[in-house]
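**Student:** Here it is: the structure, laid out below.
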Amino acid sequence: MGLKQEKQPEIRFDKVGPNSLAGISYVPKVIAFKKESISGTSNDDFWAAPAGTFITCALVRIDALLDGSGVITLGTDGDADALIDATDLDTSTVGNSASNIGSTTAAGAVGLYLKDGDNIRLAVTGSPTVGAVSGVIIYYEMEAIEDRGFHFDLT
C-alpha cells in the first residue's frame with residue numbers, strides 16, 4: 001500500500017546545466033483512485049502517504065449515485081473527513097463532485113501537511129446498496145524536494 005518515487009517530478013523552464021537548480025520547477029504528483037460496487041459502510045485505506053507529504057488538492061466525483069443515506073468522506077485513518085467532509089459531497093446525483101478547496105468544514109481545506117506521513121482513507125457511511133466514486137489527489141513530497149535541493153538557501 002505504498003507509492004513513492006525516488007524524486008519529485010520536475011520540469012525545466014530555462015536552459016541551464018543538467019545538475020543546476022536554476023531553471024527547475026517542481027511539479028506535483030497526482031494519484032487517481034476509484035471505488036465501484038459500493039454496498040454498505042466501509043473504510044478503505046488505499047495509500048500510505050510518505051512522511052513530508054503536502055496534499056494541495058483532493059477531489060471525489062460521484063460516478064454512480066449512492067442510494068439510501070450513503071455518505072462519502074476522504075481523509076486519513078485518524079481523521080476520515082480531513083479532506084472532504086460529510087457535508088461537502090452530495091452523493092445523490094451522478095457527476096457531483098467535491099474537493100478540499102473551499103470546504104468550510106474539512107481540516108485540510110487549504111491543504112494538508114502530513115509531517116509523519118499517514119494512511120489516506122475513503123470512508124463510506126450510511127446504508128447505500130449501490131454506488132461508485134472516483135477521484136484524484138494532488139501532492140508534493142517535501143522530503144524528495146529537499147533531497148534534490150532548494151532554490152534558495154536563506155542562511
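In the C-alpha cells, the first chain shown is A, the next is B, and so on; residue numbers restart at 1 for each chain, and ligands run from 1 in the order shown.
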Each residue of stretch 47-126 of chain A lying at most 9 Å from stretch 138-146 of chain A should get a row with its shortest atom-to-atom pair and the distance in Å to one decimal, counting only C-alpha atoms; could you produce that, ordered by chain and increasing number, as CSV?

**Tutor:**
residue,atom,partner,partner_atom,distance
A:Ala49,CA,A:Glu141,CA,8.9
A:Pro50,CA,A:Glu141,CA,7.5
A:Ala51,CA,A:Glu143,CA,7.4
A:Gly52,CA,A:Met142,CA,5.1
A:Thr53,CA,A:Glu141,CA,4.6
A:Phe54,CA,A:Tyr140,CA,5.2
A:Ile55,CA,A:Tyr139,CA,4.2
A:Thr56,CA,A:Tyr139,CA,5.5
A:Cys57,CA,A:Ile138,CA,5.2
A:Ala58,CA,A:Ile138,CA,6.3
A:Leu59,CA,A:Ile138,CA,8.8

**Student:** I'd like the contact shell of A:Ala32 - 7 Å cut-off, only C-alpha atoms, skipping same-chain residues fewer than 3 positions apart - returned as an MDAnalysis selection string.

**Tutor:** chainID A and resid 135:137

**Student:** Listing only residues of stretch 34-54 of chain A within 12 Å of stretch 79-82 of chain A, what is the closest atom pair and its distance in Å (to one decimal) for each, using only C-alpha atoms, sorted by chain and residue number ascending, as a tab-separated table?

**Tutor:**
residue	atom	partner	partner_atom	distance
A:Ser42	CA	A:Ala80	CA	11.2
A:Asn43	CA	A:Ala80	CA	8.5
A:Asp44	CA	A:Ala80	CA	10.0
A:Asp45	CA	A:Ala80	CA	9.8

**Student:** Store the residues picked out above, limited to C-alpha atoms, as a short mmCIF file (atom, residue, chain, number, x, y, z; two decimals), in the first residue's frame.

**Tutor:**
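Contents of again-v7.cif, as written:
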data_model
loop_
_atom_site.label_atom_id
_atom_site.label_comp_id
_atom_site.auth_asym_id
_atom_site.auth_seq_id
_atom_site.Cartn_x
_atom_site.Cartn_y
_atom_site.Cartn_z
CA SER A 42 -16.51 0.73 4.61
CA ASN A 43 -13.17 2.27 5.48
CA ASP A 44 -10.74 1.90 2.58
CA ASP A 45 -7.17 2.88 3.47
#

**Student:** Within 12 Å of stretch 87-90 of chain A, counting only C-alpha atoms, which residues show up once you throw out same-chain ones fewer than 2 positions away? Write them as a tab-separated table (two decimals) with C-alpha atoms, in the first residue's frame, please.

**Tutor:**
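Wrote it out as around.tsv, contents follow:
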chain	number	residue	atom	x	y	z
A	59	LEU	CA	-11.31	15.64	-5.37
A	60	VAL	CA	-14.03	12.97	-5.28
A	61	ARG	CA	-16.67	12.56	-8.01
A	62	ILE	CA	-19.89	10.53	-7.96
A	63	ASP	CA	-19.82	8.04	-10.85
A	64	ALA	CA	-22.96	6.11	-9.87
A	65	LEU	CA	-25.35	7.58	-7.35
A	66	LEU	CA	-25.42	6.22	-3.83
A	67	ASP	CA	-28.91	5.30	-2.79
A	69	SER	CA	-28.27	7.53	3.07
A	70	GLY	CA	-24.83	6.97	1.58
A	71	VAL	CA	-22.15	9.47	2.62
A	72	ILE	CA	-18.57	9.70	1.31
A	73	THR	CA	-15.64	11.28	3.16
A	74	LEU	CA	-11.93	11.47	2.34
A	81	ASP	CA	-13.04	13.68	6.82
A	82	ALA	CA	-9.82	15.71	6.94
A	83	LEU	CA	-10.01	16.46	3.19
A	84	ILE	CA	-13.65	16.05	2.20
A	85	ASP	CA	-16.23	16.28	4.96
A	92	SER	CA	-27.48	11.70	-4.86
A	93	THR	CA	-26.55	12.83	-8.39
A	94	VAL	CA	-24.07	11.38	-10.88
A	95	GLY	CA	-21.37	13.92	-11.71
A	96	ASN	CA	-21.50	15.75	-8.40
A	97	SER	CA	-18.03	16.39	-7.02
A	98	ALA	CA	-16.31	17.94	-4.04
A	99	SER	CA	-12.78	18.96	-3.25
A	100	ASN	CA	-10.99	20.06	-0.14
A	101	ILE	CA	-10.50	23.51	-1.66
A	102	GLY	CA	-13.16	25.84	-0.39
A	103	SER	CA	-14.60	23.36	2.12
A	104	THR	CA	-15.92	25.21	5.13
A	105	THR	CA	-15.62	22.20	7.42
A	106	ALA	CA	-12.67	19.98	6.38
A	109	ALA	CA	-9.48	22.76	3.29
A	124	VAL	CA	-18.49	5.22	3.20
A	133	VAL	CA	-16.91	7.14	-6.89

**Student:** Could you work out how far atom CA of A:Ser127 lies from atom CA of A:Gly68, giving the answer in Å with one decimal?

**Tutor:**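 Between atom CA of A:Gly68 and atom CA of A:Ser127 the gap works out to 5.8 Å.
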
**Student:** Please identify the strand (DSSP E) residues within chain A (assignment by DSSP from backbone atoms) and present them as a PyMOL selection string.

**Tutor:** chain A and resi 10-12+24-26+29-35+42-49+53-64+71-76+97-99+112-114+118-125+132-141

**Student:** I need the residues of chain A that end up classed as alpha helix (DSSP H) by DSSP on the backbone, written out as a list of chain:residue names.

**Tutor:**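 Alpha helix (DSSP H) assignments inside chain A correspond to A:Met142, A:Glu143, A:Ala144, A:Ile145, A:Glu146, A:Asp147, A:Arg148.
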
**Student:** Any chance you can output those residues with C-alpha atoms as a PDB file, in the first residue's frame?

**Tutor:**
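And here's out13.pdb as it stands now:
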ATOM      1  CA  MET A 142       8.783  17.590   0.621  1.00  0.00           C
ATOM      2  CA  GLU A 143      11.486  15.065   1.570  1.00  0.00           C
ATOM      3  CA  ALA A 144      12.092  14.306  -2.126  1.00  0.00           C
ATOM      4  CA  ILE A 145      12.283  18.026  -2.920  1.00  0.00           C
ATOM      5  CA  GLU A 146      14.802  18.551  -0.120  1.00  0.00           C
ATOM      6  CA  ASP A 147      16.889  15.650  -1.451  1.00  0.00           C
ATOM      7  CA  ARG A 148      17.043  17.351  -4.886  1.00  0.00           C
TER       8      ARG A 148
END

**Student:** Calculated over only C-alpha atoms, which of the candidates A:Gly126, A:Ile11, A:Arg121, A:Thr76 has the smallest distance to A:Ala107?

**Tutor:** A:Thr76

**Student:** Counting only C-alpha atoms, figure out which residue out of A:Ile24, A:Leu154, A:Ala132, A:Leu122 gets nearest to A:Pro9.

**Tutor:**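 Looking at the shortest contact to A:Pro9, the residue is A:Ile24.
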
**Student:** Figure out the distance between atom CA of A:Asp118 and atom CA of A:Asp77, please, to one decimal in Å.

**Tutor:** 7.5 Å

**Student:** Please identify all polymer residues within 12 Å of A:Phe152, counting only C-alpha atoms, omitting same-chain residues fewer than 3 positions from it, and present them as number ranges by chain.

**Tutor:** A: 21-22, 146, 149, 155

**Student:** Using N, CA and C atoms, can you write the selected residues to a file as a PDB file, in the first residue's frame?

**Tutor:**
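Contents of part_39.pdb, as written:
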ATOM      1  N   LEU A  21      20.041  23.801 -10.229  1.00  0.00           N
ATOM      2  CA  LEU A  21      18.646  24.026  -9.850  1.00  0.00           C
ATOM      3  C   LEU A  21      18.040  25.228 -10.561  1.00  0.00           C
ATOM      4  N   ALA A  22      18.898  26.088 -11.122  1.00  0.00           N
ATOM      5  CA  ALA A  22      18.370  27.231 -11.857  1.00  0.00           C
ATOM      6  C   ALA A  22      17.563  26.716 -13.042  1.00  0.00           C
ATOM      7  N   GLU A 146      13.602  18.209  -0.894  1.00  0.00           N
ATOM      8  CA  GLU A 146      14.802  18.551  -0.120  1.00  0.00           C
ATOM      9  C   GLU A 146      16.008  17.743  -0.603  1.00  0.00           C
ATOM     10  N   GLY A 149      17.198  19.480  -3.748  1.00  0.00           N
ATOM     11  CA  GLY A 149      17.814  20.759  -3.450  1.00  0.00           C
ATOM     12  C   GLY A 149      16.820  21.898  -3.417  1.00  0.00           C
ATOM     13  N   THR A 155      20.293  30.969   4.738  1.00  0.00           N
ATOM     14  CA  THR A 155      21.097  31.019   5.966  1.00  0.00           C
ATOM     15  C   THR A 155      22.198  32.043   5.858  1.00  0.00           C
TER      16      THR A 155
END
